[in-house]
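To be precise, the following lines are coords-v1.cif, and they hold mmCIF, C-alpha atoms.
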```cif
data_query
#
loop_
_atom_site.group_PDB
_atom_site.id
_atom_site.type_symbol
_atom_site.label_atom_id
_atom_site.label_comp_id
_atom_site.auth_asym_id
_atom_site.auth_seq_id
_atom_site.Cartn_x
_atom_site.Cartn_y
_atom_site.Cartn_z
ATOM 1 C CA MET G 1 0.000 0.000 0.000
ATOM 2 C CA VAL G 2 1.224 3.500 -0.879
ATOM 3 C CA LYS G 3 2.064 5.612 2.152
ATOM 4 C CA ARG G 4 0.738 9.165 2.498
ATOM 5 C CA PHE G 5 3.929 10.955 1.338
ATOM 6 C CA GLU G 6 5.373 8.193 -0.834
ATOM 7 C CA ARG G 7 4.028 9.653 -4.082
ATOM 8 C CA LEU G 8 5.417 13.067 -3.211
ATOM 9 C CA GLU G 9 8.844 11.486 -2.753
ATOM 10 C CA ARG G 10 8.472 9.894 -6.180
ATOM 11 C CA ILE G 11 7.613 13.282 -7.677
ATOM 12 C CA ARG G 12 10.697 14.838 -6.086
ATOM 13 C CA ARG G 13 12.897 12.235 -7.800
ATOM 14 C CA MET G 14 11.478 13.153 -11.229
ATOM 15 C CA ASP G 15 12.616 15.893 -13.612
ATOM 16 C CA PRO G 16 9.960 18.669 -13.537
ATOM 17 C CA TYR G 17 10.952 19.834 -17.028
ATOM 18 C CA ARG G 18 11.316 16.566 -18.940
ATOM 19 C CA GLU G 19 8.561 14.764 -17.005
ATOM 20 C CA ALA G 20 6.272 17.737 -16.447
ATOM 21 C CA THR G 21 3.036 16.185 -17.686
ATOM 22 C CA GLU G 22 3.638 12.952 -15.769
ATOM 23 C CA ILE G 23 4.209 14.936 -12.560
ATOM 24 C CA TYR G 24 1.125 17.047 -13.286
ATOM 25 C CA ARG G 25 -0.869 13.836 -13.849
ATOM 26 C CA LEU G 26 0.244 12.436 -10.489
ATOM 27 C CA SER G 27 -0.757 15.679 -8.768
ATOM 28 C CA THR G 28 -4.140 16.048 -10.436
ATOM 29 C CA ALA G 29 -5.270 12.422 -10.611
ATOM 30 C CA TYR G 30 -3.824 11.046 -7.365
ATOM 31 C CA GLU G 31 -2.803 13.746 -4.903
ATOM 32 C CA PHE G 32 -5.398 16.520 -5.383
ATOM 33 C CA PRO G 33 -8.204 15.549 -7.821
ATOM 34 C CA TRP G 34 -10.947 17.391 -5.918
ATOM 35 C CA ASP G 35 -8.797 20.451 -5.317
ATOM 36 C CA PHE G 36 -7.677 20.739 -8.920
ATOM 37 C CA ALA G 37 -11.290 20.453 -10.097
ATOM 38 C CA ARG G 38 -12.391 23.294 -7.824
ATOM 39 C CA ALA G 39 -9.333 25.434 -8.607
ATOM 40 C CA LEU G 40 -9.732 25.078 -12.377
ATOM 41 C CA GLU G 41 -13.439 25.908 -12.097
ATOM 42 C CA LEU G 42 -12.534 29.138 -10.338
ATOM 43 C CA ALA G 43 -9.671 29.747 -12.784
ATOM 44 C CA LEU G 44 -12.034 29.750 -15.765
ATOM 45 C CA TYR G 45 -14.670 31.648 -13.814
ATOM 46 C CA ARG G 46 -12.389 34.563 -12.983
ATOM 47 C CA THR G 47 -11.611 35.114 -16.689
ATOM 48 C CA TYR G 48 -15.199 36.369 -17.140
ATOM 49 C CA ALA G 49 -14.252 39.431 -15.086
ATOM 50 C CA VAL G 50 -12.189 40.676 -18.038
ATOM 51 C CA PRO G 51 -15.031 42.405 -19.944
ATOM 52 C CA ARG G 52 -13.612 41.572 -23.378
ATOM 53 C CA ILE G 53 -13.622 37.863 -22.482
ATOM 54 C CA GLY G 54 -16.949 37.927 -20.676
ATOM 55 C CA ARG G 55 -18.733 39.720 -23.542
ATOM 56 C CA LEU G 56 -17.435 37.276 -26.138
ATOM 57 C CA LEU G 57 -18.535 34.291 -24.047
ATOM 58 C CA ALA G 58 -21.966 35.878 -23.599
ATOM 59 C CA ALA G 59 -22.266 36.525 -27.350
ATOM 60 C CA THR G 60 -21.609 32.860 -28.177
ATOM 61 C CA ALA G 61 -24.335 31.890 -25.638
ATOM 62 C CA GLU G 62 -22.328 28.778 -24.757
ATOM 63 C CA LEU G 63 -21.986 29.704 -21.088
ATOM 64 C CA THR G 64 -25.465 31.157 -20.687
ATOM 65 C CA ASP G 65 -27.665 28.758 -22.710
ATOM 66 C CA ARG G 66 -25.550 25.579 -22.680
ATOM 67 C CA THR G 67 -23.620 26.038 -19.465
ATOM 68 C CA GLN G 68 -23.365 22.365 -18.454
ATOM 69 C CA LYS G 69 -22.181 21.289 -21.911
ATOM 70 C CA ARG G 70 -19.520 23.992 -22.072
ATOM 71 C CA TYR G 71 -18.331 23.071 -18.577
ATOM 72 C CA ASP G 72 -18.178 19.374 -19.491
ATOM 73 C CA ASP G 73 -16.417 19.914 -22.814
ATOM 74 C CA THR G 74 -13.757 22.221 -21.411
ATOM 75 C CA SER G 75 -13.000 19.839 -18.531
ATOM 76 C CA LEU G 76 -12.883 16.757 -20.757
ATOM 77 C CA LEU G 77 -10.680 18.310 -23.452
ATOM 78 C CA LEU G 78 -8.131 19.728 -21.021
ATOM 79 C CA ASP G 79 -8.033 16.514 -19.023
ATOM 80 C CA ALA G 80 -7.579 14.293 -22.091
ATOM 81 C CA VAL G 81 -4.200 15.949 -22.617
ATOM 82 C CA VAL G 82 -3.281 15.327 -18.982
ATOM 83 C CA GLU G 83 -4.443 11.703 -18.983
ATOM 84 C CA HIS G 84 -2.983 10.651 -22.330
ATOM 85 C CA GLY G 85 -0.140 13.114 -22.983
ATOM 86 C CA PHE G 86 0.630 15.577 -25.752
ATOM 87 C CA GLY G 87 1.999 12.927 -28.118
ATOM 88 C CA SER G 88 -0.939 10.520 -27.882
ATOM 89 C CA ASP G 89 -3.736 10.271 -30.441
ATOM 90 C CA ARG G 90 -6.301 11.378 -27.857
ATOM 91 C CA GLY G 91 -4.099 14.226 -26.691
ATOM 92 C CA ARG G 92 -3.642 15.487 -30.247
ATOM 93 C CA THR G 93 -7.378 15.179 -30.935
ATOM 94 C CA ALA G 94 -8.163 17.237 -27.820
ATOM 95 C CA ILE G 95 -5.694 19.953 -28.844
ATOM 96 C CA ARG G 96 -7.164 20.097 -32.351
ATOM 97 C CA ARG G 97 -10.608 20.658 -30.871
ATOM 98 C CA ILE G 98 -9.316 23.280 -28.424
ATOM 99 C CA ASN G 99 -7.665 25.124 -31.302
ATOM 100 C CA GLY G 100 -10.754 24.753 -33.475
ATOM 101 C CA MET G 101 -12.907 26.324 -30.749
ATOM 102 C CA HIS G 102 -10.701 29.409 -30.553
ATOM 103 C CA ARG G 103 -9.666 29.786 -34.188
ATOM 104 C CA GLY G 104 -13.106 30.991 -35.200
ATOM 105 C CA TYR G 105 -12.732 34.190 -33.157
ATOM 106 C CA ASP G 106 -10.312 37.116 -33.164
ATOM 107 C CA ILE G 107 -9.077 36.647 -29.595
ATOM 108 C CA PRO G 108 -6.133 38.868 -28.587
ATOM 109 C CA ASP G 109 -3.000 36.991 -27.621
ATOM 110 C CA ASP G 110 -2.979 38.778 -24.262
ATOM 111 C CA ASP G 111 -6.366 37.293 -23.383
ATOM 112 C CA MET G 112 -5.252 33.791 -24.411
ATOM 113 C CA ARG G 113 -2.076 34.204 -22.384
ATOM 114 C CA TYR G 114 -4.067 35.383 -19.372
ATOM 115 C CA VAL G 115 -6.418 32.371 -19.470
ATOM 116 C CA LEU G 116 -3.378 30.090 -19.621
ATOM 117 C CA CYS G 117 -1.972 31.882 -16.567
ATOM 118 C CA THR G 118 -5.117 31.133 -14.561
ATOM 119 C CA PHE G 119 -4.601 27.387 -15.136
ATOM 120 C CA VAL G 120 -1.081 27.643 -13.718
ATOM 121 C CA VAL G 121 -1.584 30.045 -10.829
ATOM 122 C CA MET G 122 -5.013 29.336 -9.369
ATOM 123 C CA PRO G 123 -4.438 25.628 -8.554
ATOM 124 C CA LYS G 124 -1.300 26.473 -6.583
ATOM 125 C CA ARG G 125 -3.052 29.260 -4.692
ATOM 126 C CA TRP G 126 -6.049 27.047 -3.941
ATOM 127 C CA ILE G 127 -4.028 23.999 -2.860
ATOM 128 C CA ASP G 128 -1.618 26.019 -0.740
ATOM 129 C CA ALA G 129 -4.639 27.485 1.065
ATOM 130 C CA TYR G 130 -6.974 24.473 1.239
ATOM 131 C CA GLY G 131 -5.191 21.281 0.207
ATOM 132 C CA TRP G 132 -4.035 18.486 2.505
ATOM 133 C CA ARG G 133 -0.480 19.724 1.869
ATOM 134 C CA ARG G 134 1.084 22.548 -0.117
ATOM 135 C CA LEU G 135 2.289 21.999 -3.660
ATOM 136 C CA SER G 136 5.958 21.072 -3.835
ATOM 137 C CA ARG G 137 8.376 23.071 -5.960
ATOM 138 C CA HIS G 138 8.590 20.151 -8.412
ATOM 139 C CA GLU G 139 4.793 20.201 -8.848
ATOM 140 C CA THR G 140 4.740 23.978 -9.240
ATOM 141 C CA VAL G 141 7.419 23.926 -11.931
ATOM 142 C CA ALA G 142 5.837 20.944 -13.701
ATOM 143 C CA GLY G 143 2.429 22.668 -13.838
ATOM 144 C CA ALA G 144 3.982 25.750 -15.438
ATOM 145 C CA VAL G 145 5.894 23.619 -17.971
ATOM 146 C CA HIS G 146 2.787 21.555 -18.801
ATOM 147 C CA TYR G 147 0.687 24.626 -19.569
ATOM 148 C CA ARG G 148 3.526 26.348 -21.351
ATOM 149 C CA THR G 149 3.621 23.310 -23.644
ATOM 150 C CA LEU G 150 -0.149 23.466 -24.121
ATOM 151 C CA GLY G 151 0.117 27.159 -24.966
ATOM 152 C CA GLN G 152 2.793 26.402 -27.560
ATOM 153 C CA HIS G 153 0.493 23.809 -29.154
ATOM 154 C CA MET G 154 -2.191 26.494 -29.257
ATOM 155 C CA GLY G 155 0.131 28.983 -30.955
ATOM 156 C CA ILE G 156 0.066 31.495 -28.088
ATOM 157 C CA LYS G 157 2.965 33.941 -28.293
ATOM 158 C CA ASP G 158 5.240 35.239 -25.505
ATOM 159 C CA ILE G 159 4.197 32.618 -22.947
ATOM 160 C CA PRO G 160 5.733 33.157 -19.488
ATOM 161 C CA GLY G 161 8.714 30.939 -18.825
ATOM 162 C CA SER G 162 8.326 30.185 -15.113
ATOM 163 C CA TYR G 163 5.626 29.968 -12.458
ATOM 164 C CA GLU G 164 6.695 33.341 -11.087
ATOM 165 C CA GLU G 165 6.317 34.932 -14.529
ATOM 166 C CA PHE G 166 2.877 33.358 -14.961
ATOM 167 C CA GLU G 167 1.858 34.753 -11.587
ATOM 168 C CA SER G 168 3.208 38.246 -12.279
ATOM 169 C CA PHE G 169 1.426 38.400 -15.634
ATOM 170 C CA LEU G 170 -1.862 37.242 -14.099
ATOM 171 C CA ASP G 171 -1.802 39.775 -11.269
ATOM 172 C CA ALA G 172 -0.862 42.673 -13.551
ATOM 173 C CA TYR G 173 -3.456 41.709 -16.160
ATOM 174 C CA GLU G 174 -6.254 41.482 -13.635
ATOM 175 C CA GLU G 175 -5.329 44.812 -12.084
ATOM 176 C CA ALA G 176 -5.416 46.442 -15.505
ATOM 177 C CA HIS G 177 -8.435 44.692 -17.024
ATOM 178 C CA PHE G 178 -10.913 43.510 -14.381
ATOM 179 C CA GLY G 179 -14.092 45.550 -14.642
ATOM 180 C CA TRP G 180 -17.869 45.586 -14.744
ATOM 181 C CA ASP G 181 -19.795 44.365 -17.780
ATOM 182 C CA GLU G 182 -23.448 43.385 -17.740
ATOM 183 C CA ASP G 183 -22.992 40.567 -20.255
ATOM 184 C CA ALA G 184 -20.056 39.157 -18.289
ATOM 185 C CA ARG G 185 -22.252 39.274 -15.184
ATOM 186 C CA ARG G 186 -24.843 37.148 -17.033
ATOM 187 C CA VAL G 187 -22.136 34.561 -17.744
ATOM 188 C CA SER G 188 -21.082 34.665 -14.098
ATOM 189 C CA ASP G 189 -24.648 34.218 -12.837
ATOM 190 C CA ALA G 190 -25.202 31.272 -15.196
ATOM 191 C CA THR G 191 -22.023 29.628 -13.929
ATOM 192 C CA LEU G 192 -22.999 30.085 -10.279
ATOM 193 C CA ASP G 193 -26.434 28.622 -11.094
ATOM 194 C CA LEU G 194 -24.742 25.636 -12.730
ATOM 195 C CA MET G 195 -22.576 24.958 -9.685
ATOM 196 C CA ALA G 196 -25.620 25.144 -7.418
ATOM 197 C CA SER G 197 -27.559 22.764 -9.701
ATOM 198 C CA TRP G 198 -25.167 19.917 -8.875
ATOM 199 C CA TYR G 199 -26.681 19.662 -5.384
ATOM 200 C CA PRO G 200 -30.222 19.410 -3.950
ATOM 201 C CA ARG G 201 -32.275 22.493 -4.819
ATOM 202 C CA PRO G 202 -32.882 23.676 -1.222
ATOM 203 C CA LEU G 203 -29.115 24.072 -0.823
ATOM 204 C CA ALA G 204 -28.768 26.450 -3.797
ATOM 205 C CA PRO G 205 -28.800 29.769 -1.839
ATOM 206 C CA LEU G 206 -26.316 28.403 0.702
ATOM 207 C CA LEU G 207 -24.006 27.103 -2.045
ATOM 208 C CA ARG G 208 -24.098 30.416 -3.893
ATOM 209 C CA THR G 209 -23.153 32.267 -0.702
ATOM 210 C CA ALA G 210 -20.391 29.750 0.015
ATOM 211 C CA THR G 211 -18.971 30.171 -3.484
ATOM 212 C CA LEU G 212 -18.984 33.957 -3.186
ATOM 213 C CA ALA G 213 -17.204 33.616 0.155
ATOM 214 C CA LEU G 214 -14.311 31.902 -1.635
ATOM 215 C CA LEU G 215 -13.875 34.721 -4.172
ATOM 216 C CA ASP G 216 -11.377 37.524 -3.681
ATOM 217 C CA GLU G 217 -12.350 41.190 -3.433
ATOM 218 C CA PRO G 218 -11.269 42.252 -6.972
ATOM 219 C CA LEU G 219 -13.447 39.511 -8.453
ATOM 220 C CA LEU G 220 -16.458 40.402 -6.331
ATOM 221 C CA ARG G 221 -16.051 44.083 -7.267
ATOM 222 C CA ALA G 222 -15.809 43.316 -10.976
ATOM 223 C CA PHE G 223 -19.130 41.438 -10.920
ATOM 224 C CA ARG G 224 -20.682 43.830 -8.376
ATOM 225 C CA TYR G 225 -21.607 41.049 -5.977
ATOM 226 C CA PRO G 226 -22.149 42.163 -2.386
ATOM 227 C CA PRO G 227 -19.346 40.524 -0.399
ATOM 228 C CA PRO G 228 -20.407 37.974 2.218
ATOM 229 C CA GLY G 229 -19.872 39.093 5.788
ATOM 230 C CA PRO G 230 -16.555 38.425 7.529
ATOM 231 C CA ALA G 231 -18.085 35.662 9.676
ATOM 232 C CA THR G 232 -19.506 33.855 6.631
ATOM 233 C CA ARG G 233 -16.261 34.141 4.742
ATOM 234 C CA ALA G 234 -14.247 32.875 7.709
ATOM 235 C CA TRP G 235 -16.626 29.944 8.297
ATOM 236 C CA VAL G 236 -16.616 28.818 4.665
ATOM 237 C CA ARG G 237 -12.857 29.029 4.282
ATOM 238 C CA ARG G 238 -12.308 27.245 7.569
ATOM 239 C CA ALA G 239 -14.631 24.446 6.435
ATOM 240 C CA VAL G 240 -12.677 23.935 3.197
ATOM 241 C CA ARG G 241 -9.389 23.931 5.106
ATOM 242 C CA LEU G 242 -10.793 21.340 7.522
ATOM 243 C CA ARG G 243 -11.673 19.143 4.567
ATOM 244 C CA GLY G 244 -8.026 19.250 3.516
ATOM 245 C CA ARG G 245 -6.887 18.260 6.992
ATOM 246 C CA ALA G 246 -9.338 15.351 6.971
ATOM 247 C CA VAL G 247 -8.020 14.136 3.606
ATOM 248 C CA ARG G 248 -4.508 14.141 5.042
ATOM 249 C CA LEU G 249 -5.628 11.524 7.582
ATOM 250 C CA LEU G 250 -7.153 9.227 4.940
ATOM 251 C CA PRO G 251 -5.238 6.498 3.078
ATOM 252 C CA PRO G 252 -3.708 7.885 -0.138
ATOM 253 C CA ARG G 253 -5.567 7.292 -3.374
ATOM 254 C CA GLY G 254 -4.654 3.984 -4.981
ATOM 255 C CA ALA G 255 -6.254 4.564 -8.406
ATOM 256 C CA PRO G 256 -6.255 7.722 -10.547
ATOM 257 C CA HIS G 257 -9.291 9.972 -10.690
ATOM 258 C CA PHE G 258 -9.633 11.991 -13.900
ATOM 259 C CA ALA G 259 -12.056 14.773 -14.777
ATOM 260 C CA ARG G 260 -14.237 12.415 -16.824
ATOM 261 C CA GLN G 261 -15.024 10.649 -13.513
ATOM 262 C CA ASN G 262 -16.189 13.813 -11.736
ATOM 263 C CA ARG G 263 -19.811 13.790 -10.621
ATOM 264 C CA GLU G 264 -20.143 17.323 -12.007
ATOM 265 C CA ILE G 265 -19.706 16.020 -15.581
ATOM 266 C CA LYS G 266 -23.332 15.287 -16.427
ATOM 267 C CA GLY G 267 -23.785 15.838 -20.169
ATOM 268 C CA TYR G 268 -22.598 12.497 -21.543
ATOM 269 C CA PRO G 269 -24.209 9.582 -19.683
ATOM 270 C CA ASP G 270 -23.738 7.372 -22.764
ATOM 271 C CA GLY G 271 -20.141 8.402 -23.424
ATOM 272 C CA TYR G 272 -18.577 10.849 -25.859
ATOM 273 C CA ARG G 273 -16.003 11.207 -28.621
ATOM 274 C CA LEU G 274 -13.312 13.828 -28.153
ATOM 275 C CA GLU G 275 -13.656 14.994 -31.757
ATOM 276 C CA ASP G 276 -17.324 15.862 -31.094
ATOM 277 C CA LEU G 277 -16.662 17.976 -28.003
ATOM 278 C CA GLY G 278 -16.399 21.732 -27.850
ATOM 279 C CA THR G 279 -18.055 24.633 -29.564
ATOM 280 C CA ARG G 280 -18.273 25.569 -33.228
ATOM 281 C CA PRO G 281 -17.884 29.186 -34.443
ATOM 282 C CA VAL G 282 -21.019 31.317 -34.334
ATOM 283 C CA PRO G 283 -21.740 32.643 -37.860
ATOM 284 C CA GLY G 284 -21.017 36.354 -38.131
ATOM 285 C CA LEU G 285 -19.268 36.591 -34.744
ATOM 286 C CA ARG G 286 -15.514 37.058 -34.940
ATOM 287 C CA GLY G 287 -14.460 39.180 -32.016
ATOM 288 C CA CYS G 288 -15.655 40.721 -28.794
ATOM 289 C CA PRO G 289 -18.870 42.703 -29.360
ATOM 290 C CA VAL G 290 -18.362 46.425 -28.868
ATOM 291 C CA ARG G 291 -20.557 47.959 -26.190
ATOM 292 C CA HIS G 292 -21.917 51.316 -27.266
ATOM 293 C CA ALA G 293 -22.860 53.960 -24.763
ATOM 294 C CA ASP G 294 -26.582 54.528 -24.355
#
```
Step by step, read the file and then write its structure as structure tokens.
Amino acid sequence: MVKRFERLERIRRMDPYREATEIYRLSTAYEFPWDFARALELALYRTYAVPRIGRLLAATAELTDRTQKRYDDTSLLLDAVVEHGFGSDRGRTAIRRINGMHRGYDIPDDDMRYVLCTFVVMPKRWIDAYGWRRLSRHETVAGAVHYRTLGQHMGIKDIPGSYEEFESFLDAYEEAHFGWDEDARRVSDATLDLMASWYPRPLAPLLRTATLALLDEPLLRAFRYPPPGPATRAWVRRAVRLRGRAVRLLPPRGAPHFARQNREIKGYPDGYRLEDLGTRPVPGLRGCPVRHAD
């Protein structure tokens, strides 16, 4: 039986540059599957607070009218690369679909680079705050290398070279670009409704409040959500930290858990083909709609 820190010791013996995706797979599928799922949900969610991104997502209607499908497809495509690797047939198919989803729109490189940064930075911040242990340096470097490689496959230019550069770019970009947009708020509300829908209906108001309690102040301001009170925020964050401490006491996971196994993936009870996942370009929509003053 694997001991609690045995897999971490294995990771520390690996090369975080040459074996980046394998290390990332061990972290996401064995060490922190629940935490990575939550962190990547919040990573994508915070991109809506950049009005140019939020308006484009609203215009496609994918995250307002087909929220569950878009959530499922994004999770499954990203995770196929993690599970099977960049050089595998399934990994290449997933990357082709990811590129096909974005190629139909005139998305600035800065926005693409920022979204990539959220995938690198937010899991570390979440796990360091709420996980059963902090991410090791090997895992931090490997995550940055994995997503740098994904960004290269997507043709993104000027990708940060280290975790610290990813983090600096993310913080500066959010400070410069977070802001209010009514269409982005619609995307945000639809996403919060989706997350609440995964649980019994009477819990929906409580779950919405709990989710808001996990968001930082700049994000709440951008969407103009009233911040939960200090007591609520402290209680929710303490509860998530206690979950991490409880996991630390459990036997380590013996089998991998990938995104396709998450209970939140609900759109494909009969299975799916990677080549069928994702969105198709909306006719006549190329870039972010311009908002005209009334």
Point to revise | Nearby residues (all atoms listed in the file) at most 12 Å from region 237-244 of chain G, same-chain spacing under 4 positions excluded, as a PyMOL selection string | key: chain G and resi 31-35+38+126-134+209-216+228+230-233+248-250
**Study point:** For Ala142 (chain G), the nearest of the candidates G:Ser168, G:Gln68, G:Ser27, G:Ser75, counting all atoms listed in the file
**Key:**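 Checking each of G:Ser168, G:Gln68, G:Ser27, G:Ser75 against Ala142 (chain G), counting all atoms listed in the file, the winner is G:Ser27.
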Practice item. Identify which of the residues G:Val82, G:Ala190, G:Leu135, G:Ala184 lies closest to Thr21 (chain G), counting only C-alpha atoms when measuring atom-to-atom distances. Key: G:Val82
Practice item. For region 104-119 of chain G, please output as a PyMOL selection string all residues within 10 Å (counting all atoms listed in the file; exclusion window: fewer than 5 positions along the same chain). Key: chain G and resi 36+39-48+50+52-53+56+99+124+143-144+147-148+150-151+154-160+163+165-174+177+279-288
Practice item. Kindly give the distance, in Å, that separates CA of Ser197 (chain G) and CA of His102 (chain G), rounded to a single decimal. Key: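 Interatomic distance here is 27.6 Å.
Relative to CA of Asp181 (chain G), CA of Met195 (chain G) is found at 21.2 Å.
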Target residues per the PyMOL selection byres ((chain G and resi 95) around 8), formatted as an mmCIF file with C-alpha atoms, in the frame of the given file:
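See part-v6.cif below for the written result:
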```cif
data_model
loop_
_atom_site.group_PDB
_atom_site.id
_atom_site.type_symbol
_atom_site.label_atom_id
_atom_site.label_comp_id
_atom_site.auth_asym_id
_atom_site.auth_seq_id
_atom_site.Cartn_x
_atom_site.Cartn_y
_atom_site.Cartn_z
ATOM 1 C CA LEU G 77 -10.680 18.310 -23.452
ATOM 2 C CA VAL G 81 -4.200 15.949 -22.617
ATOM 3 C CA GLY G 91 -4.099 14.226 -26.691
ATOM 4 C CA ARG G 92 -3.642 15.487 -30.247
ATOM 5 C CA THR G 93 -7.378 15.179 -30.935
ATOM 6 C CA ALA G 94 -8.163 17.237 -27.820
ATOM 7 C CA ARG G 96 -7.164 20.097 -32.351
ATOM 8 C CA ARG G 97 -10.608 20.658 -30.871
ATOM 9 C CA ILE G 98 -9.316 23.280 -28.424
ATOM 10 C CA ASN G 99 -7.665 25.124 -31.302
ATOM 11 C CA HIS G 153 0.493 23.809 -29.154
ATOM 12 C CA MET G 154 -2.191 26.494 -29.257
#
```
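Residue nearest Tyr30 (chain G) within the list G:Asp193, G:Glu175, G:Glu6, G:Glu182: G:Glu6 [criterion: smallest interatomic distance, all atoms listed in the file].
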Check your understanding: Any chance you could work out the residue set of the PyMOL selection byres ((chain G and resi 3) around 12) here, as a PyMOL selection string?
Key -> chain G and resi 1-2+4-10+31+248-254
Point to revise | Among the residues G:Ala49, G:Ala37, G:Val247, G:Leu76, the one that comes closest to Gly179 (chain G) [using all atoms listed in the file] | key: G:Ala49
Check your understanding: Interatomic distance between CA of Arg260 (chain G) and CA of His146 (chain G)?
Key ->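 So the two atoms, CA of Arg260 (chain G) and CA of His146 (chain G), lie 19.4 Å apart.
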Using all atoms listed in the file, which protein or nucleic acid residues come within 9 Å of Gly278 (chain G)? Drop anything in the same chain fewer than 5 positions from it, and give the result as a compact mmCIF listing (two decimals) with C-alpha atoms, in the frame of the given file.
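Written file, selection29.txt:
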```txt
# COMPACT_ATOMS: atom_id res chain seq x y z
CA LYS G 69 -22.18 21.29 -21.91
CA ARG G 70 -19.52 23.99 -22.07
CA ASP G 72 -18.18 19.37 -19.49
CA ASP G 73 -16.42 19.91 -22.81
CA THR G 74 -13.76 22.22 -21.41
CA LEU G 77 -10.68 18.31 -23.45
CA ARG G 97 -10.61 20.66 -30.87
CA ILE G 98 -9.32 23.28 -28.42
CA GLY G 100 -10.75 24.75 -33.48
CA MET G 101 -12.91 26.32 -30.75
```
Point to revise | Selection result for the PyMOL selection byres ((chain G and resi 222) around 9) on this file, as a ChimeraX atom specification | key: /G:49-50,178-181,185,217-221,223-225
Size and centre in Å, one decimal, axis-aligned box, all listed region 47-53 of chain G atoms plus 4 Å per side, as JSON:
```
{"center_x": -13.4, "center_y": 38.8, "center_z": -19.2, "size_x": 11.6, "size_y": 15.3, "size_z": 16.3}
```
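Nearest residue to Leu63 (chain G) among G:Leu192, G:Leu26, G:Val145, G:Met122 is G:Leu192, counting all atoms listed in the file.
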Point to revise | Surrounding residues of Ala29 (chain G) excluding itself and chain neighbours under 6 positions, 9 Å, only C-alpha atoms, as a ChimeraX atom specification | key: /G:36,83,253,255-259
